[in-house]
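Notes follow the structure.
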Amino acid sequence: MVLSLPIPYNTGMGKTDPATRIDELKKLIAIHSDKYYLQDRPEITDGDFDKLMAELRLLEDENPIFRTADSPTQKVGGGVRKEFAAYSHNPPMLSLDNSYNPEDLREFDKRVKKGLARDHAEYLTELKIDGLGVNLIYVGGKLKLGVTRGDGKTGEDVTVNIKTIGDIPHAVKTPATWARCEVRGEIYLRRADFLKLNEERMESGEEPFANPRNAAAGSVRLLDANITQGRKLRFYCYALYVFDKKGTAIRDTVLHSQIEMMEKLAALGFPVNDAYKKHTSIDSVLEVVAAWEEKRKKLPYDTDGLVVKVNRFPDQRELGATSKFPRWAIAYKYAAEQAETVVQNIVVQVGRTGTLTPVADLTPVLLAGSTISRATLHNEDNVKQKDVRVGDSVIIQKAGDIIPQVMKVVFEKRPEGSKPWAMPKKCPACGDEVARAEGEAAVRCLNRHCPAQQLEAIIHFAKRDSMDIDGLGPSRIEAMAQKGMLNDIADIFNLDYAAVAEIEKMGEKSAENLRKSIEAAKGRGLEKLLVGLGIRHVGERAAFLMARAFADMDALMAADEEKLTSIHEIGPEIAQSLIQFFADAENRKLIDKLKKFGVQMEGSRETPAAQTLAGKTFVITGTLEGMSRNEAKELIQRAGGKVSGSVSKKTDYLVAGSDPGSKLDDAAKHGVKVIGKEELLKLFAPPVPTVPDYPSPP
Ligand code: IVH
């Protein structure tokens with residue numbers, strides 16, 4: 001067969017249309033890849049093959065709506081993407097000019113008024129979400145592309161990863177005249193999810209992310225979308241552009257202001273951060289800027305400031321943009337709080353899986369409202385790279401406003417004779433060997449009986465998310481371990497309560513209460529037990545799936561990789577980790593001991609809850625009588641409902657106990673129904689068929 005060789009494509013008007021040529025190129029590339037990779041019989045030179053690919057890439061860049069996920073430009077060999085394809089933003093994704101104090105904002109207001117040639121302007125303030133800017137392209141209401149901001153002109157096509165983000169709709173009901181629309185916004189991670197991710201990374205010897213922003217950016221740009229999916233990424237949008245089928249921008253014919261655009265985005269089903277506010281004076285803007293300085297610290301995600309935008313679109317058009325920034329918007333950045341202090345010592349902590357973490361003991365210093373006396377140094381390489389030494393003056397900062405970090409050394413103040421710090425060659429807790437596996441950042445203690453590891457394992461086992469043993473917190477566990485009463489997890493169920501009562505500040509009453517809560521913990525079941533055992537890669541979700549799939553621990557222990565990976569969402573990494581854990585004689589002994597002490601190991605598959613709350617979203621606030629918020633959350637989730645942290649238009653019910661706080665106001669604002677515990681319990685019951693009234697006797 002004679003194959004047509006690359007036909008140069010003419011981009012001029014009236015020639016082959018791009019869609020036809022793209023199809024032709026894809027077919028040619030598929031034929032030649034096959035001959036090259038599978039049949040080992042190439043018929044064209046590598047150079048000619050590259051030309052076909054280059055032409056396809058160019059055409060797709062010029063006509064991104066024709067770039068499909070199955071295009072050869074998106075794949076390498078077995079379907080793994082070598083790198084992300086480039087995409088040109090139109091209009092470009094501009095950056096924002098920054099302001100740092102009220103004077104800067106007053107200057108901005110003056111420039112705006114001058115530009116508009118009048119003495120009043122309307123503004124909208126929005127939170128500046130600290131994440132990764134992205135552009136989502138919808139064609140005919142269907143999500144076709146997700147692209148990073150990149151340098152503002154060209155971004156990376158990360159569609160596959162973007163599609164794993166639950167907040168991002170794959171299809172929206174747009175008017176028929178909207179041939180294409182672009183939604184721009186920020187992908188971010190909540191602080192709690194960031195902390196959890198970093199914990200997991202450090203446990204598995206990976207470099208922790210510096211802050212939630214970096215973690216979100218790193219997660220969006222992963223080559224394996226399965227990993228992105230596990231990262232709990234979220235999305236807030238702040239801009240919409242609309243084009244008709246000729247590609248003409250038509251947004252401003254239907255929407256007239258920033259605030260109308262935000263309302264439209266929310267109505268279409270996009271997540272919009274509802275902290276936006278309209279202002280008719282810069283004084284009012286400055287009040288909001290001052291108010292958020294403290295309030296933003298209580299948000300579950302990071303904001304690095306506010307964005308102030310001229311509200312009305314005709315005014316925005318009038319003001320225009322420089323090559324870098326729009327003249328109608330400005331970011332207001334709050335200063336990251338930093339403090340200087342002295343490293344008194346560098347100590348090494350041993351984690352549950354033996355990871356050695358260097359920690360700086362600091363001269364106590366006030367930072368962002370709390371006194372800081374310790375800061376993590378993450379790992380050996382980080383200490384080396386920053387060259388942190390005992391006695392150094394250092395600048396500390398809160399990462400994502402939470403964990404304090406040592407940012408840098410003030411070298412001018414370094415005392416004479418200081419020595420570089422080195423990781424100890426032996427475990428500081430047990431004196432055993434330590435080692436650093438190739439490619440890992442973590443140094444680990446290799447002694448599994450290391451008392452520090454056992455202590456952390458017991459603390460993890462008793463935690464609320466694991467076996468939830470009330471009254472068995474870290475300090476008590478430590479006290480009991482010191483007395484030799486707790487050497488491993490199983491010892492929890494074999495305590496001598498007379499001896500427990502003797503422990504300082506415990507007494508008989510506390511010992512009796514502890515006995516009761518340990519008794520109660522025995523019945524938590526397989527799911528909580530698996531979380532408590534702290535098996536690598538087996539978090540809450542995997543534990544939930546295991547408990548649903550297996551009748552009990554014995555059935556789980558007997559399962560091979562094939563059986564485990566046949567469970568939806570369970571991949572080979574989790575399966576292997578479980579197999580290795582159960583193959584270990586010591587772990588099997590531990591499970592036998594737990595069984596002997598009466599710890600229940602049944603799965604949850606016999607009692608699937610009726611999915612009476614499927615599709616409903618709840619927010620829980622205040623103190624519910626006789627039920628913790630966690631218990632309420634679990635009940636709702638088991639009945640198929642979702643529990644969210646903040647009230648929005650999408651919330652169906654706010655479950656309020658006593659002292660409900662500001663969420664009640666939010667519910668009133670969005671017209672969300674407020675219910676109490678009793679009404680919640682009624683919702684769980686499947687609908688009762690109505691019985692006709694018994695006819696009353698004549
Ligand atoms: S408006 C032309 N609004 O901050 C207007 N940006 O430092 C451009 N960002 O690139 C952006 N929250 O990634 C806008 N409410 C918000 C934002 C926001 C976060 C990001 C965005 C932008 C960067 C500029």
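We name chains A, B, ... following the order of the structure tokens; residues begin at 1 in each chain, and ligands are numbered from 1 as shown.
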
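Secondary structure from DSSP on the backbone puts alpha helix (DSSP H) at the following positions of segment 296-440 of chain A: Phe313, Pro314, Asp315, Gln316, Arg317, Glu318, Leu319, Glu380, Asp381, Asn382, Val383, Lys384, Gln385 and Lys386 of chain A.
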
Give me, as an MDAnalysis selection string, the set of residues whose atoms come within 6 Å of any atom of ligand 1, counting only C-alpha atoms and all ligand atoms. chainID A and resid 94:96 126:130 132:133 186 238 307 326

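One finds atom CA of Pro72 of chain A at 15.3 Å from atom CA of Asp48 of chain A.
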
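Across A:Val112, A:Gly471, A:Val147, A:Pro424, the tightest approach to Gly320 of chain A is made by A:Val112 when counting only C-alpha atoms.
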
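Using only C-alpha atoms for every distance, the candidate list A:Gly676, A:Pro175, A:Gly598, A:Gly484 yields A:Gly676 as the residue closest to Val619 of chain A.
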
Can you tell me, as a list in words, what residues are no more than 10 Å from Asp666 of chain A when counting only C-alpha atoms, ignoring any on the same chain fewer than 3 positions away? Ser646, Val647, Ser648, Lys649, Leu654, Gly661, Ser662, Lys663, Lys669, His670, Gly671 and Val672 of chain A

Contacts of Ala558 of chain A at 10 Å or less, counting only C-alpha atoms, minus same-chain residues fewer than 3 places along, as a PyMOL selection string? chain A and resi 553-555+563+579+582

Residues near segment 102-108 of chain A, anyone? I mean within 12 Å using only C-alpha atoms, not counting same-chain ones fewer than 3 positions away, as a PyMOL selection string. chain A and resi 97-99+111-115+121+123+281-290+306-310+319+326-334

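Here the question is which of A:Met467, A:Leu556, A:Ala375, A:Ala520 gets nearest to Gln344 of chain A using only C-alpha atoms, and that residue is A:Ala375.
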
Using only C-alpha atoms, tabulate the residues of segment 98-142 of chain A lying at most 12 Å from any atom of segment 52-64 of chain A, each with its closest atom pair and that distance in Å to one decimal, by chain and increasing residue number, as a Markdown table.
```
| residue | atom | partner | partner_atom | distance |
| --- | --- | --- | --- | --- |
| A:Leu136 | CA | A:Pro64 | CA | 11.9 |
| A:Ile137 | CA | A:Pro64 | CA | 9.3 |
| A:Tyr138 | CA | A:Pro64 | CA | 11.2 |
| A:Val139 | CA | A:Pro64 | CA | 10.6 |
```

Please provide as a list in words all residues within 9 Å of Ala85 of chain A, with the sequence filter that same-chain residues fewer than 6 positions apart are discarded (counting only C-alpha atoms). Arg57, Asp61, Thr73, Gln74, Gly155, Glu156, Asp157 and Val158 of chain A

Restrict the selected residues to N, CA and C atoms and save them as a PDB file, in the first residue's frame.
```pdb
ATOM      1  N   ARG A  57      -0.126  19.250  15.969  1.00  0.00           N
ATOM      2  CA  ARG A  57      -0.040  20.068  17.184  1.00  0.00           C
ATOM      3  C   ARG A  57      -0.373  21.532  16.873  1.00  0.00           C
ATOM      4  N   ASP A  61      -3.477  23.673  18.259  1.00  0.00           N
ATOM      5  CA  ASP A  61      -3.254  24.915  19.013  1.00  0.00           C
ATOM      6  C   ASP A  61      -4.108  26.041  18.447  1.00  0.00           C
ATOM      7  N   THR A  73      -1.349  13.686  20.027  1.00  0.00           N
ATOM      8  CA  THR A  73      -0.549  14.736  20.677  1.00  0.00           C
ATOM      9  C   THR A  73      -0.701  14.664  22.188  1.00  0.00           C
ATOM     10  N   GLN A  74      -1.725  13.958  22.666  1.00  0.00           N
ATOM     11  CA  GLN A  74      -1.991  13.870  24.097  1.00  0.00           C
ATOM     12  C   GLN A  74      -1.391  12.612  24.721  1.00  0.00           C
ATOM     13  N   GLY A 155      -1.058  28.202  28.184  1.00  0.00           N
ATOM     14  CA  GLY A 155      -1.140  27.329  29.355  1.00  0.00           C
ATOM     15  C   GLY A 155      -1.003  25.879  28.944  1.00  0.00           C
ATOM     16  N   GLU A 156      -1.102  24.977  29.907  1.00  0.00           N
ATOM     17  CA  GLU A 156      -0.988  23.553  29.620  1.00  0.00           C
ATOM     18  C   GLU A 156      -2.363  22.904  29.666  1.00  0.00           C
ATOM     19  N   ASP A 157      -2.597  22.033  28.722  1.00  0.00           N
ATOM     20  CA  ASP A 157      -3.861  21.312  28.670  1.00  0.00           C
ATOM     21  C   ASP A 157      -3.841  20.205  29.731  1.00  0.00           C
ATOM     22  N   VAL A 158      -4.599  20.425  30.792  1.00  0.00           N
ATOM     23  CA  VAL A 158      -4.649  19.433  31.879  1.00  0.00           C
ATOM     24  C   VAL A 158      -6.082  18.885  32.037  1.00  0.00           C
TER      25      VAL A 158
END
```

Output as a list of chain:residue names all residues of segment 547-645 of chain A that backbone DSSP marks as strand (DSSP E). A:Thr617, A:Phe618, A:Val619, A:Ile620, A:Thr621, A:Lys642, A:Val643

Rounded to one decimal, what separation in Å do you get between atom CA of Ile250 of chain A and atom CA of Ala176 of chain A? 12.6 Å

Could you name the residues that touch Lys677 of chain A at 9 Å or less, counting only C-alpha atoms, but leaving out those on the same chain fewer than 2 positions away, as an mmCIF file with N, CA and C atoms, in the first residue's frame?
```cif
data_model
loop_
_atom_site.group_PDB
_atom_site.id
_atom_site.type_symbol
_atom_site.label_atom_id
_atom_site.label_comp_id
_atom_site.auth_asym_id
_atom_site.auth_seq_id
_atom_site.Cartn_x
_atom_site.Cartn_y
_atom_site.Cartn_z
ATOM 1 N N LEU A 624 -25.298 19.377 68.979
ATOM 2 C CA LEU A 624 -26.510 18.563 68.894
ATOM 3 C C LEU A 624 -26.608 17.748 70.179
ATOM 4 N N GLU A 625 -27.808 17.614 70.682
ATOM 5 C CA GLU A 625 -27.957 16.919 71.956
ATOM 6 C C GLU A 625 -27.743 15.419 71.778
ATOM 7 N N MET A 627 -25.456 13.714 70.438
ATOM 8 C CA MET A 627 -24.865 13.221 69.193
ATOM 9 C C MET A 627 -23.730 14.165 68.795
ATOM 10 N N ALA A 632 -23.198 12.623 63.486
ATOM 11 C CA ALA A 632 -24.249 13.084 62.583
ATOM 12 C C ALA A 632 -23.758 13.001 61.142
ATOM 13 N N VAL A 655 -28.283 21.676 59.649
ATOM 14 C CA VAL A 655 -28.670 21.012 60.888
ATOM 15 C C VAL A 655 -28.074 21.830 62.024
ATOM 16 N N ALA A 656 -28.931 22.457 62.825
ATOM 17 C CA ALA A 656 -28.415 23.365 63.846
ATOM 18 C C ALA A 656 -28.729 22.865 65.244
ATOM 19 N N GLY A 657 -27.706 22.835 66.091
ATOM 20 C CA GLY A 657 -27.890 22.526 67.511
ATOM 21 C C GLY A 657 -27.851 23.830 68.283
ATOM 22 N N ILE A 675 -32.913 22.754 60.228
ATOM 23 C CA ILE A 675 -33.611 21.702 60.983
ATOM 24 C C ILE A 675 -32.811 21.340 62.233
ATOM 25 N N GLU A 679 -35.573 16.428 63.575
ATOM 26 C CA GLU A 679 -36.021 16.446 62.169
ATOM 27 C C GLU A 679 -35.033 15.696 61.277
ATOM 28 N N LEU A 680 -33.738 15.790 61.636
ATOM 29 C CA LEU A 680 -32.723 15.066 60.866
ATOM 30 C C LEU A 680 -32.992 13.564 60.960
ATOM 31 N N LEU A 681 -33.249 13.085 62.177
ATOM 32 C CA LEU A 681 -33.477 11.651 62.366
ATOM 33 C C LEU A 681 -34.688 11.184 61.553
ATOM 34 N N LYS A 682 -35.694 12.066 61.463
ATOM 35 C CA LYS A 682 -36.887 11.691 60.680
ATOM 36 C C LYS A 682 -36.541 11.526 59.199
#
```
